[in-house]
$ cat model.cif   # mmCIF, C-alpha atoms
data_final
#
loop_
_atom_site.label_atom_id
_atom_site.label_comp_id
_atom_site.auth_asym_id
_atom_site.auth_seq_id
_atom_site.Cartn_x
_atom_site.Cartn_y
_atom_site.Cartn_z
CA MET A 1 -80.61 -2.10 26.35
CA LYS A 2 -81.55 1.56 26.35
CA LYS A 3 -80.12 2.08 29.77
CA LEU A 4 -76.88 0.42 28.75
CA LEU A 5 -76.54 2.72 25.69
CA ILE A 6 -77.10 5.82 27.76
CA ALA A 7 -74.48 4.69 30.21
CA SER A 8 -72.02 4.13 27.37
CA LEU A 9 -72.58 7.63 25.97
CA ILE A 10 -71.95 9.13 29.36
CA LEU A 11 -68.63 7.31 29.59
CA VAL A 12 -67.55 8.34 26.12
CA THR A 13 -68.40 12.00 26.50
CA HIS A 14 -66.69 12.27 29.88
CA VAL A 15 -63.62 14.55 29.70
CA PRO A 16 -61.00 13.97 32.38
CA ALA A 17 -59.86 17.06 34.37
CA TYR A 18 -56.07 17.92 33.74
CA ALA A 19 -53.84 19.74 36.27
CA THR A 20 -50.78 21.89 35.53
CA ASP A 21 -48.11 23.55 37.61
CA THR A 22 -47.12 27.04 36.48
CA PRO A 23 -43.76 28.11 37.90
CA ILE A 24 -43.10 31.55 39.20
CA SER A 25 -39.48 32.57 39.20
CA GLY A 26 -37.86 35.60 40.71
CA LEU A 27 -34.44 36.93 41.59
CA VAL A 28 -33.59 38.81 44.72
CA GLN A 29 -30.39 40.76 44.50
CA THR A 30 -28.44 41.01 47.64
CA ARG A 31 -28.33 44.43 49.17
CA CYS A 32 -25.95 43.42 51.91
CA LEU A 33 -22.58 42.12 50.85
CA ILE A 34 -20.00 40.88 53.33
CA THR A 35 -16.35 40.83 52.33
CA THR A 36 -13.26 39.88 54.26
CA ASP A 37 -11.07 42.94 54.12
CA THR A 38 -8.16 41.62 56.19
CA ASN A 39 -7.43 38.12 57.36
CA GLY A 40 -6.50 37.89 61.03
CA VAL A 41 -3.34 36.43 62.46
CA PHE A 42 -2.71 35.20 65.97
CA GLY A 43 0.25 36.58 67.81
CA ASN A 44 1.80 34.54 70.61
CA PRO A 45 3.08 37.05 73.18
CA LEU A 46 3.02 34.47 75.95
CA PRO A 47 3.27 30.67 75.83
CA SER A 48 -0.26 30.47 77.09
CA LYS A 49 -1.77 33.27 75.01
CA LEU A 50 -2.83 33.75 71.42
CA SER A 51 -4.08 37.18 70.42
CA THR A 52 -4.96 39.10 67.28
CA ALA A 53 -4.09 42.42 68.85
CA SER A 54 -1.33 44.24 67.07
CA ALA A 55 0.30 44.92 70.42
CA ASP A 56 0.58 41.16 70.82
CA GLY A 57 2.09 40.69 67.39
CA GLY A 58 -1.14 39.72 65.74
CA VAL A 59 -3.27 41.11 62.93
CA VAL A 60 -6.82 42.16 63.56
CA PRO A 61 -9.30 40.66 61.13
CA VAL A 62 -11.49 43.19 59.34
CA VAL A 63 -14.76 42.49 57.60
CA ARG A 64 -16.64 44.95 55.40
CA TYR A 65 -20.39 45.25 55.02
CA ASP A 66 -21.65 46.92 51.85
CA VAL A 67 -25.28 47.88 52.22
CA THR A 68 -27.25 49.46 49.40
CA LEU A 69 -30.54 49.65 51.28
CA ALA A 70 -30.57 51.79 54.39
CA ASP A 71 -32.16 50.66 57.65
CA ALA A 72 -32.89 47.16 56.39
CA TYR A 73 -30.17 44.99 57.89
CA LEU A 74 -28.43 44.09 61.11
CA ALA A 75 -24.77 43.21 61.12
CA LYS A 76 -23.87 40.41 63.54
CA VAL A 77 -20.23 39.64 64.15
CA THR A 78 -19.29 36.77 66.42
CA THR A 79 -15.77 36.33 67.69
CA PRO A 80 -14.44 32.78 68.06
CA THR A 81 -15.03 30.65 71.12
CA ALA A 82 -13.08 27.66 69.93
CA PHE A 83 -10.31 26.76 67.55
CA SER A 84 -11.47 25.34 64.29
CA THR A 85 -8.14 23.58 63.90
CA SER A 86 -5.48 23.07 66.52
CA PRO A 87 -3.26 20.44 68.05
CA SER A 88 -4.85 18.22 70.63
CA LEU A 89 -5.56 20.29 73.71
CA SER A 90 -5.87 18.72 77.13
CA ASP A 91 -6.92 21.81 79.03
CA SER A 92 -9.56 24.48 78.69
CA VAL A 93 -9.19 27.62 76.63
CA LYS A 94 -10.55 30.92 77.80
CA TRP A 95 -11.73 33.13 74.97
CA THR A 96 -12.30 36.86 74.97
CA GLY A 97 -13.16 39.05 71.99
CA SER A 98 -14.75 42.23 70.85
CA THR A 99 -15.91 43.86 67.65
CA ALA A 100 -15.85 47.54 66.81
CA VAL A 101 -16.51 49.83 63.88
CA SER A 102 -13.12 50.56 62.40
CA LYS A 103 -14.06 52.65 59.38
CA THR A 104 -17.13 53.99 57.65
CA SER A 105 -18.03 55.50 54.31
CA ASP A 106 -20.48 57.97 55.77
CA ALA A 107 -20.21 60.29 58.71
CA ALA A 108 -23.68 59.28 59.84
CA MET A 109 -22.39 55.74 60.42
CA SER A 110 -20.17 56.96 63.19
CA GLY A 111 -23.07 56.34 65.54
CA TYR A 112 -23.00 52.61 64.90
CA GLU A 113 -20.34 52.03 67.49
CA ALA A 114 -22.27 53.74 70.27
CA ALA A 115 -25.46 51.93 69.32
CA LYS A 116 -24.03 48.45 69.08
CA VAL A 117 -25.45 45.62 71.20
CA THR A 118 -23.23 42.92 72.60
CA TYR A 119 -24.37 39.58 73.91
CA GLY A 120 -22.05 36.70 74.52
CA SER A 121 -19.40 36.75 71.87
CA THR A 122 -21.71 38.39 69.36
CA THR A 123 -21.89 42.09 68.58
CA GLN A 124 -24.84 43.45 66.65
CA PHE A 125 -24.90 46.69 64.66
CA ASP A 126 -27.93 48.35 63.17
CA LEU A 127 -27.04 49.34 59.63
CA THR A 128 -29.24 52.39 59.32
CA LYS A 129 -27.33 53.97 56.45
CA ALA A 130 -26.46 52.79 53.02
CA GLY A 131 -22.79 52.45 52.37
CA SER A 132 -19.80 50.51 53.55
CA THR A 133 -18.82 49.79 57.11
CA TRP A 134 -15.67 48.06 58.29
CA PHE A 135 -15.74 46.02 61.49
CA SER A 136 -12.63 44.77 63.22
CA SER A 137 -12.62 41.98 65.76
CA THR A 138 -10.09 41.07 68.35
CA ALA A 139 -9.83 37.62 69.76
CA THR A 140 -7.72 36.31 72.59
CA ALA A 141 -7.26 32.74 73.74
CA VAL A 142 -5.59 31.81 77.02
CA TYR A 143 -4.76 28.18 77.65
CA GLY A 144 -5.43 26.68 81.06
CA VAL A 145 -3.80 28.50 83.91
CA SER A 146 -0.62 29.88 82.41
CA LYS A 147 -0.21 26.65 80.49
CA SER A 148 1.74 26.62 77.30
CA PHE A 149 -0.07 25.94 74.08
CA PRO A 150 1.21 22.85 72.30
CA GLY A 151 3.18 23.61 69.20
CA GLY A 152 1.25 23.51 65.96
CA SER A 153 -1.13 25.44 63.81
CA TYR A 154 -4.14 27.17 65.27
CA THR A 155 -7.11 28.49 63.36
CA ALA A 156 -10.24 30.25 64.54
CA ILE A 157 -13.20 31.72 62.72
CA VAL A 158 -14.96 35.09 63.04
CA LEU A 159 -18.56 34.70 61.95
CA ALA A 160 -20.07 37.71 60.15
CA GLU A 161 -23.77 37.71 59.30
CA CYS A 162 -26.15 40.14 57.69
CA ILE A 163 -29.64 39.72 59.10
CA ALA A 164 -32.63 41.35 57.46
CA LYS A 165 -34.70 43.37 59.91
CA MET B 1 -13.63 71.43 1.89
CA ILE B 2 -13.18 72.57 5.45
CA MET B 3 -15.58 69.90 6.59
CA LEU B 4 -13.58 67.32 4.67
CA VAL B 5 -10.34 68.39 6.30
CA VAL B 6 -11.91 68.28 9.74
CA ALA B 7 -13.35 64.84 9.00
CA LEU B 8 -9.99 63.56 7.83
CA LEU B 9 -8.32 64.95 10.90
CA ALA B 10 -10.91 63.21 13.04
CA ILE B 11 -10.33 59.91 11.26
CA TYR B 12 -6.59 60.28 11.57
CA ALA B 13 -6.90 61.12 15.20
CA THR B 14 -9.11 58.10 15.78
CA ASN B 15 -6.58 55.84 14.14
CA ALA B 16 -3.76 57.40 16.13
CA HIS B 17 -5.51 56.79 19.43
CA SER B 18 -3.64 54.55 21.79
CA GLU B 19 -4.34 52.87 25.07
CA TYR B 20 -4.18 54.81 28.28
CA LEU B 21 -1.90 54.20 31.17
CA TYR B 22 -3.26 54.38 34.70
CA GLY B 23 -1.83 55.46 37.99
CA LEU B 24 -2.44 56.53 41.56
CA THR B 25 -0.99 59.44 43.42
CA GLY B 26 0.47 59.18 46.86
CA ASN B 27 -1.18 60.79 49.85
CA MET B 28 -1.68 64.37 48.70
CA ALA B 29 -2.65 65.43 52.24
CA GLY B 30 0.38 63.86 53.84
CA THR B 31 2.12 67.12 54.65
CA GLY B 32 -0.84 69.42 55.23
CA HIS B 33 -4.46 70.02 54.52
CA THR B 34 -3.82 71.84 51.25
CA TRP B 35 -2.00 70.54 48.22
CA GLY B 36 -1.24 71.31 44.61
CA MET B 37 -2.23 69.10 41.72
CA ASN B 38 1.20 68.55 40.23
CA ILE B 39 0.61 64.85 39.71
CA GLY B 40 1.36 62.15 37.20
CA PRO B 41 4.58 61.16 35.47
CA SER B 42 6.66 64.06 34.29
CA GLY B 43 6.00 64.86 30.66
CA SER B 44 2.80 62.83 30.55
CA GLN B 45 0.19 64.25 28.24
CA SER B 46 -3.58 64.46 28.42
CA LEU B 47 -3.70 63.37 32.03
CA LYS B 48 -7.22 62.92 33.30
CA ILE B 49 -8.49 62.42 36.82
CA ASN B 50 -10.84 59.46 37.03
CA GLY B 51 -11.14 58.92 40.77
CA VAL B 52 -10.75 60.53 44.19
CA PHE B 53 -10.38 58.58 47.39
CA TYR B 54 -10.00 60.07 50.84
CA GLN B 55 -9.92 58.99 54.44
CA TYR B 56 -9.54 60.86 57.68
CA THR B 57 -10.45 60.57 61.33
CA PRO B 58 -12.51 63.34 62.88
CA VAL B 59 -11.58 64.47 66.34
CA LYS B 60 -14.49 66.12 68.09
CA ASN B 61 -16.97 66.01 70.88
CA THR B 62 -20.23 64.41 69.99
CA GLU B 63 -22.26 67.47 70.84
CA ASP B 64 -20.16 69.82 68.75
CA ASP B 65 -21.03 70.88 65.26
CA MET B 66 -18.42 70.09 62.70
CA VAL B 67 -18.42 69.96 58.91
CA VAL B 68 -15.50 68.70 56.88
CA HIS B 69 -15.01 69.54 53.20
CA VAL B 70 -12.63 67.65 50.97
CA ARG B 71 -12.43 69.52 47.69
CA ASN B 72 -10.52 70.88 44.74
CA LYS B 73 -10.96 74.25 43.18
CA ARG B 74 -11.65 74.57 39.49
CA PHE B 75 -8.44 76.00 38.15
CA GLY B 76 -8.49 79.76 37.83
CA THR B 77 -11.86 80.20 39.54
CA ASN B 78 -13.35 80.22 43.02
CA GLU B 79 -15.65 77.34 42.16
CA TYR B 80 -14.97 73.74 43.01
CA ILE B 81 -14.47 70.99 40.48
CA PHE B 82 -14.73 68.38 43.22
CA SER B 83 -16.25 68.68 46.66
CA SER B 84 -17.35 66.19 49.27
CA THR B 85 -18.79 67.28 52.59
CA ASP B 86 -19.17 65.23 55.78
CA ASP B 87 -21.40 66.67 58.46
CA TRP B 88 -20.27 65.41 61.84
CA SER B 89 -22.57 67.65 63.82
CA GLY B 90 -23.96 65.73 66.78
CA LEU B 91 -22.00 62.67 65.81
CA PRO B 92 -19.11 61.10 67.66
CA GLY B 93 -15.62 61.36 66.27
CA GLY B 94 -12.78 58.94 66.45
CA ILE B 95 -13.91 56.56 63.74
CA PRO B 96 -12.17 56.98 60.40
CA ILE B 97 -14.28 57.74 57.40
CA THR B 98 -13.30 56.65 53.92
CA LYS B 99 -14.93 57.57 50.64
CA GLY B 100 -14.29 56.95 47.00
CA PHE B 101 -15.61 58.79 43.97
CA VAL B 102 -15.52 57.99 40.29
CA ILE B 103 -14.68 61.07 38.25
CA ASP B 104 -15.59 61.40 34.61
CA ASN B 105 -12.05 61.75 33.27
CA LEU B 106 -11.67 65.43 33.89
CA PRO B 107 -8.44 66.87 32.43
CA ILE B 108 -5.81 67.81 34.97
CA GLU B 109 -5.80 71.34 33.55
CA LEU B 110 -9.18 71.90 35.19
CA TRP B 111 -8.02 70.89 38.65
CA GLY B 112 -6.92 73.57 41.03
CA ASP B 113 -5.46 73.17 44.52
CA GLY B 114 -7.02 70.67 46.87
CA SER B 115 -7.82 71.11 50.53
CA ILE B 116 -9.49 69.66 53.61
CA ASP B 117 -11.46 72.43 55.26
CA VAL B 118 -13.06 72.11 58.69
CA GLU B 119 -15.96 74.26 59.79
CA GLY B 120 -17.03 74.22 63.42
CA SER B 121 -15.35 72.65 66.42
CA GLY B 122 -13.05 69.78 65.85
CA SER B 123 -10.21 68.72 63.68
CA VAL B 124 -9.13 66.09 61.24
CA VAL B 125 -6.22 63.71 61.70
CA ASP B 126 -4.67 60.92 59.66
CA ALA B 127 -5.92 62.46 56.43
CA ASN B 128 -5.21 60.54 53.25
CA VAL B 129 -6.28 61.82 49.84
CA VAL B 130 -5.43 59.86 46.72
CA TYR B 131 -6.27 60.58 43.09
CA SER B 132 -6.41 58.00 40.36
CA TYR B 133 -5.65 59.11 36.83
CA LYS B 134 -5.08 57.96 33.33
CA TYR B 135 -2.84 59.42 30.69
CA ASN B 136 -1.02 58.77 27.47
CA ASN B 137 2.02 60.27 25.81
CA ASP B 138 0.42 60.76 22.43
CA CYS B 139 -0.54 64.39 22.88
CA LEU B 140 2.84 65.89 22.15
CA THR B 141 1.00 66.99 19.01
CA PRO B 142 -2.42 68.11 20.22
CA MET B 143 -4.12 67.09 16.97
CA SER B 144 -3.09 63.46 17.43
CA ASP B 145 -6.13 62.75 19.57
CA PRO B 146 -9.43 64.59 20.01
CA SER B 147 -9.13 63.93 23.71
CA CYS B 148 -5.88 65.87 23.87
CA SER B 149 -6.10 69.23 25.47
CA GLY B 150 -5.75 71.93 22.87
CA TYR B 151 -7.01 69.68 20.07
CA ILE B 152 -9.80 72.02 18.99
CA ASP B 153 -7.61 75.09 19.23
CA ALA B 154 -4.93 73.39 17.18
CA VAL B 155 -7.41 72.39 14.47
CA LEU B 156 -8.97 75.83 14.33
CA SER B 157 -5.57 77.46 14.29
CA MET B 158 -4.46 75.30 11.42
CA MET B 159 -7.64 76.04 9.51
CA GLY B 160 -7.13 79.74 9.99
CA GLU B 161 -3.54 79.76 8.83
CA SER B 162 -3.93 77.46 5.87
CA LYS B 163 -5.26 78.50 2.46
CA ILE B 164 -7.60 75.88 1.18
CA GLU B 165 -7.09 75.72 -2.58
CA VAL B 166 -8.10 73.26 -5.21
CA TYR B 167 -5.05 71.30 -6.07
CA ASP B 168 -4.34 70.65 -9.74
CA PRO B 169 -1.59 68.09 -10.02
CA LEU B 170 -0.94 68.96 -13.68
CA ALA B 171 -0.15 72.51 -12.65
CA ASP B 172 2.39 71.33 -10.16
CA GLU B 173 5.85 72.00 -11.59
CA ASN B 174 7.32 69.13 -9.70
CA ILE B 175 4.80 66.71 -11.11
CA ALA B 176 5.20 68.19 -14.64
CA ASP B 177 8.95 67.75 -14.36
CA VAL B 178 8.48 64.21 -13.22
CA ILE B 179 6.13 63.50 -16.15
CA ASP B 180 8.64 64.97 -18.63
CA GLU B 181 11.47 63.04 -17.12
CA LYS B 182 9.43 59.91 -17.29
CA ALA B 183 8.60 60.52 -20.96
CA GLU B 184 12.29 61.01 -21.72
CA LEU B 185 13.12 57.98 -19.76
CA ASP B 186 10.54 55.96 -21.69
CA GLU B 187 11.97 57.19 -24.98
CA GLU B 188 15.46 56.28 -23.88
CA VAL B 189 14.24 52.93 -22.79
CA GLN B 190 12.57 52.46 -26.20
CA GLN B 191 15.79 53.41 -28.00
CA GLU B 192 17.74 51.11 -25.81
CA ASP B 193 15.29 48.36 -26.61
CA ASP B 194 15.67 49.01 -30.37
CA GLU B 195 19.43 49.02 -30.05
CA LYS B 196 19.25 45.86 -28.12
CA VAL B 197 17.16 44.27 -30.88
CA LYS B 198 19.63 45.43 -33.53
CA ALA B 199 22.56 44.28 -31.52
CA LYS B 200 20.84 41.00 -31.08
CA ASP B 201 20.35 40.67 -34.84
CA ARG B 202 23.98 41.53 -35.45
CA LEU B 203 25.03 39.11 -32.87
CA GLN B 204 22.89 36.44 -34.44
CA ARG B 205 24.40 37.16 -37.84
CA MET B 206 27.86 37.11 -36.36
CA LEU B 207 27.12 33.93 -34.61
CA SER B 208 25.74 32.42 -37.82
CA GLY B 209 29.04 33.36 -39.63
CA VAL B 210 30.99 31.93 -36.80
CA ASN B 211 28.89 28.84 -37.05
CA ASP B 212 29.67 28.61 -40.79
CA SER B 213 33.35 29.11 -40.07
CA ILE B 214 33.25 26.52 -37.40
CA LEU B 215 31.45 24.17 -39.76
CA TYR B 216 33.99 24.88 -42.52
CA ALA B 217 36.83 24.48 -40.09
CA ASN B 218 35.39 21.20 -38.98
CA VAL B 219 35.11 20.04 -42.56
CA SER B 220 38.69 21.18 -43.32
CA SER B 221 40.05 19.58 -40.25
CA GLN B 222 38.19 16.41 -41.15
CA ASN B 223 39.71 16.53 -44.63
CA LEU B 224 43.19 17.16 -43.26
CA LEU B 225 42.74 14.39 -40.84
CA MET B 226 41.59 12.06 -43.57
CA PHE B 227 44.53 13.19 -45.76
CA ALA B 228 46.98 12.58 -42.94
CA MET B 229 45.50 9.20 -42.31
CA SER B 230 45.61 8.26 -46.00
CA ARG B 231 49.20 9.62 -46.44
CA SER B 232 50.35 7.48 -43.65
CA ASN B 233 48.87 4.52 -45.35
CA ASN B 234 50.54 5.52 -48.63
CA LEU B 235 54.01 6.16 -47.21
CA ASN B 236 54.32 3.19 -44.98
CA PRO B 237 54.90 0.72 -47.85
CA TYR B 238 57.98 2.73 -48.97
CA TYR B 239 59.48 2.51 -45.54
CA ASP B 240 59.31 -1.23 -45.86
CA LYS B 241 61.28 -1.35 -49.24
CA LYS B 242 64.74 -2.99 -49.13
CA LEU B 243 67.59 -2.88 -51.64
CA ALA B 244 68.37 -6.15 -53.33
CA GLY B 245 71.86 -7.52 -52.37
CA GLY B 246 72.46 -4.85 -49.88
CA VAL B 247 76.08 -3.90 -51.05
CA TYR B 248 77.24 -1.92 -54.11
CA LYS B 249 80.90 -2.74 -54.77
CA GLU B 250 83.52 -0.38 -56.53
CA THR B 251 83.61 -1.31 -60.19
CA VAL B 252 86.15 1.37 -61.61
CA ILE B 253 89.68 0.13 -62.12
CA LEU B 254 92.65 2.59 -62.55
CA SER B 255 95.05 1.17 -65.06
CA GLY B 256 98.76 1.82 -64.43
CA GLY B 257 98.09 3.35 -61.02
CA GLU B 258 99.06 6.92 -62.09
CA LEU B 259 96.92 9.86 -63.09
CA PRO B 260 98.77 12.47 -65.25
CA ASP B 261 97.99 16.25 -65.12
CA ASN B 262 95.49 17.59 -67.59
CA ALA B 263 97.61 20.01 -69.57
CA LYS B 264 94.78 21.05 -71.73
CA GLY B 265 92.69 21.95 -68.79
CA ALA B 266 95.51 23.88 -67.21
CA ARG B 267 95.92 26.04 -70.24
CA ALA B 268 92.25 26.77 -70.48
CA GLY B 269 92.14 27.64 -66.80
CA LEU B 270 95.18 29.89 -66.99
CA ALA B 271 93.73 31.74 -69.98
CA GLN B 272 90.55 32.32 -68.08
CA GLN B 273 92.48 33.60 -65.08
CA LEU B 274 94.44 36.06 -67.18
CA LEU B 275 91.38 37.33 -68.81
CA HIS B 276 89.73 37.83 -65.45
CA THR B 277 92.66 39.72 -64.04
CA GLU B 278 92.72 41.99 -67.04
CA MET B 279 89.05 42.76 -66.63
CA VAL B 280 89.47 43.62 -62.96
CA SER B 281 92.38 45.88 -63.68
CA LEU B 282 90.41 47.71 -66.29
CA GLN B 283 88.10 49.27 -63.69
CA TYR B 284 91.03 50.76 -61.81
CA ASN B 285 92.74 52.05 -64.90
CA GLN B 286 89.68 53.70 -66.32
CA GLY B 287 90.58 57.13 -64.92
CA ASP B 288 94.10 57.18 -66.39
#
$ encode --input "model.cif" --output "structure tokens"
Amino acid sequence: MKKLLIASLILVTHVPAYATDTPISGLVQTRCLITTDTNGVFGNPLPSKLSTASADGGVVPVVRYDVTLADAYLAKVTTPTAFSTSPSLSDSVKWTGSTAVSKTSDAAMSGYEAAKVTYGSTTQFDLTKAGSTWFSSTATAVYGVSKSFPGGSYTAIVLAECIAK
Amino acid sequence: MIMLVVALLAIYATNAHSEYLYGLTGNMAGTGHTWGMNIGPSGSQSLKINGVFYQYTPVKNTEDDMVVHVRNKRFGTNEYIFSSTDDWSGLPGGIPITKGFVIDNLPIELWGDGSIDVEGSGSVVDANVVYSYKYNNDCLTPMSDPSCSGYIDAVLSMMGESKIEVYDPLADENIADVIDEKAELDEEVQQEDDEKVKAKDRLQRMLSGVNDSILYANVSSQNLLMFAMSRSNNLNPYYDKKLAGGVYKETVILSGGELPDNAKGARAGLAQQLLHTEMVSLQYNQGD
């Protein structure tokens, strides 16, 4: 009987252990803002060629990077390697493209162009200065071997990324 | 008192404030690397510069030193009210540079000529300098808005030229005249009111007499009407009377069928005629 009472007291006085989750919230403001400055347009100088070059009747797309923190980001701009929308194509398309600094907001950014790194269809710029930089990309698509593009609407995408170092 | 006047002017000017209009200039560096600041709509008042934007392309060798200044002189001085410098030393050219600046609404009067100045080796091409501005047309009178140029001078000038005196309205001849005229006018109005009351009483009396006359006339006309109606009733029975028999025959009978002359009457008549003639003749013979 005594043992049973003691056991009961132990059960009654036992306090269960509670757990709680305390949230931690935070807000990171972007210090690299990418804005499309000019939408590109394909010109069609030849039946088999689509080009954004102004000499070919096209419009060069321009993208602007606004960086408020110097030497913290890389700008990566990738020219298209395929149409995002197009008529049905039965032959291959050969893509060429390039990206260059078209305008800066600081004289010190003029070195970006010389320091850029290109691999594949991607061009990478080291944004060492705070401010705005405009990048323009050209893209050219040639269909087959002097084969005419089918009539229709063609769309391609330039991918612009801001990568933290 | 001076403080009060200034405060009132400030309140008035605040109430008179209107919204600004905004605009952009064209390329001020389009025809050269120096330019004047004759900008904004003609006749616009209180024009203020609130932004400067420029773009140019440096032409240089990377190893050369080159500094480019885009600036405006402060009007009337050798200092600069706006200046932006780009140091291209050791940097490649060929890539356009573009910059924008927010200016704290500096009045156009402070802005002197603008220029793009190059120090070192190199040059600038495709220069484009644009100013943004705001203005309103409410400063034709400088005191209309504290932000108008010349506002303070205008207020101080007015304070210096004006004599601040305590104004006694009762000492103002114009106001005294107006008060007198008003008193006379009130008196005239009072007299007119009295006359109106009297005229009203007279009119009421007249109208009461007329009412009596009308009442009397009504009574008389009623009586006449009743008389006429009764006379008709009284006369009508006579119209219905008829003579008995209807014919009155001749009843005189002339015996013998001859009527002799009345000698006696003739004599009497002749005597009267003679006497009359004698009497008439007497008036003609009176002068004999």
$ closest_atom_pairs --input "model.cif" --of "chain A" --to "chain B" --cutoff "12 Å" --atoms "all atoms listed in the file" --output "Markdown table"
| residue | atom | partner | partner_atom | distance |
| --- | --- | --- | --- | --- |
| A:Ala100 | CA | B:Ile95 | CA | 9.7 |
| A:Val101 | CA | B:Ile95 | CA | 7.2 |
| A:Ser102 | CA | B:Ile95 | CA | 6.2 |
| A:Lys103 | CA | B:Pro96 | CA | 4.8 |
| A:Thr104 | CA | B:Ile97 | CA | 4.7 |
| A:Ser105 | CA | B:Thr98 | CA | 4.9 |
| A:Asp106 | CA | B:Ile97 | CA | 6.4 |
| A:Ala107 | CA | B:Asp86 | CA | 5.8 |
| A:Ala108 | CA | B:Leu91 | CA | 7.1 |
| A:Met109 | CA | B:Leu91 | CA | 8.8 |
| A:Ser110 | CA | B:Pro92 | CA | 6.2 |
| A:Gly111 | CA | B:Leu91 | CA | 6.4 |
| A:Tyr112 | CA | B:Pro92 | CA | 9.7 |
| A:Glu113 | CA | B:Ile95 | CA | 8.7 |
| A:Ala114 | CA | B:Pro92 | CA | 8.4 |
| A:Ala115 | CA | B:Pro92 | CA | 11.3 |
| A:Gly131 | CA | B:Lys99 | CA | 9.5 |
| A:Ser132 | CA | B:Thr98 | CA | 8.9 |
| A:Thr133 | CA | B:Ile97 | CA | 9.2 |
| A:Trp134 | CA | B:Pro96 | CA | 9.8 |
| A:Phe135 | CA | B:Ile95 | CA | 10.9 |
| A:Ser136 | CA | B:Ile95 | CA | 11.9 |
$ resolve_selection --input "model.cif" --expression "the PyMOL selection byres ((chain B and resi 101) around 8)" --output "VMD selection string"
chain B and resid 51 to 53 99 to 100 102 to 103
$ resolve_selection --input "model.cif" --expression "the PyMOL selection byres ((chain B and resi 71-79) around 7)" --output "JSON list (two decimals) with C-alpha atoms, in the coordinates of the input"
[["chain", "number", "residue", "atom", "x", "y", "z"],
["B", 69, "HIS", "CA", -15.01, 69.54, 53.20],
["B", 70, "VAL", "CA", -12.63, 67.65, 50.97],
["B", 80, "TYR", "CA", -14.97, 73.74, 43.01],
["B", 81, "ILE", "CA", -14.47, 70.99, 40.48],
["B", 82, "PHE", "CA", -14.73, 68.38, 43.22],
["B", 83, "SER", "CA", -16.25, 68.68, 46.66],
["B", 84, "SER", "CA", -17.35, 66.19, 49.27],
["B", 110, "LEU", "CA", -9.18, 71.90, 35.19],
["B", 111, "TRP", "CA", -8.02, 70.89, 38.65],
["B", 112, "GLY", "CA", -6.92, 73.57, 41.03],
["B", 113, "ASP", "CA", -5.46, 73.17, 44.52],
["B", 114, "GLY", "CA", -7.02, 70.67, 46.87],
["B", 115, "SER", "CA", -7.82, 71.11, 50.53],
["B", 116, "ILE", "CA", -9.49, 69.66, 53.61]]
$ atom_distance --input "model.cif" --atom1 "atom CA of B:Lys134" --atom2 "atom CA of B:Gly23"
6.2 Å
$ resolve_selection --input "model.cif" --expression "the PyMOL selection byres ((chain A and resi 42) around 6)" --output "PyMOL selection string"
chain A and resi 41+43+50-52+58
$ axis_aligned_box --input "model.cif" --around "stretch 55-66 of chain A" --padding-each-side "4 Å" --output "lines of an AutoDock Vina configuration file"
center_x = -9.8
center_y = 43.3
center_z = 61.3
size_x = 31.7
size_y = 15.2
size_z = 27.0
$ residues_around --input "model.cif" --residues "A:Gln29" --least-positions-apart "5" --cutoff "12 Å" --atoms "only C-alpha atoms" --output "PyMOL selection string"
chain A and resi 67-69
$ write_last_selection --input "model.cif" --atoms "C-alpha atoms" --output "short mmCIF file (atom, residue, chain, number, x, y, z; two decimals), keeping the file's coordinate frame"
data_model
loop_
_atom_site.label_atom_id
_atom_site.label_comp_id
_atom_site.auth_asym_id
_atom_site.auth_seq_id
_atom_site.Cartn_x
_atom_site.Cartn_y
_atom_site.Cartn_z
CA VAL A 67 -25.28 47.88 52.22
CA THR A 68 -27.25 49.46 49.40
CA LEU A 69 -30.54 49.65 51.28
#
$ closest_residue --input "model.cif" --among "A:Asn44, A:Ser84, A:Thr38, A:Ser98" --to "A:Tyr143" --atoms "only C-alpha atoms"
A:Asn44
$ closest_residue --input "model.cif" --among "A:Ala70, A:Val93, A:Val158, A:Ile34" --to "A:Ala139" --atoms "only C-alpha atoms"
A:Val158
$ atom_distance --input "model.cif" --atom1 "atom CA of B:Ala127" --atom2 "atom CA of A:Gly40"
25.0 Å
$ decode --input "model.cif" --residues "stretch 45-58 of chain B" --atoms "C-alpha atoms" --output "PDB file, in the first residue's frame"
ATOM      1  CA  GLN B  45       7.960  82.708 -63.498  1.00  0.00           C
ATOM      2  CA  SER B  46       9.877  81.248 -60.586  1.00  0.00           C
ATOM      3  CA  LEU B  47      11.486  78.564 -62.697  1.00  0.00           C
ATOM      4  CA  LYS B  48      13.552  76.158 -60.651  1.00  0.00           C
ATOM      5  CA  ILE B  49      15.995  73.511 -61.766  1.00  0.00           C
ATOM      6  CA  ASN B  50      15.277  70.184 -60.112  1.00  0.00           C
ATOM      7  CA  GLY B  51      17.407  67.791 -62.134  1.00  0.00           C
ATOM      8  CA  VAL B  52      20.412  67.479 -64.440  1.00  0.00           C
ATOM      9  CA  PHE B  53      21.000  64.536 -66.728  1.00  0.00           C
ATOM     10  CA  TYR B  54      23.947  64.114 -69.049  1.00  0.00           C
ATOM     11  CA  GLN B  55      25.473  61.532 -71.303  1.00  0.00           C
ATOM     12  CA  TYR B  56      28.541  61.509 -73.487  1.00  0.00           C
ATOM     13  CA  THR B  57      31.049  59.097 -74.960  1.00  0.00           C
ATOM     14  CA  PRO B  58      34.703  59.612 -74.148  1.00  0.00           C
TER      15      PRO B  58
END
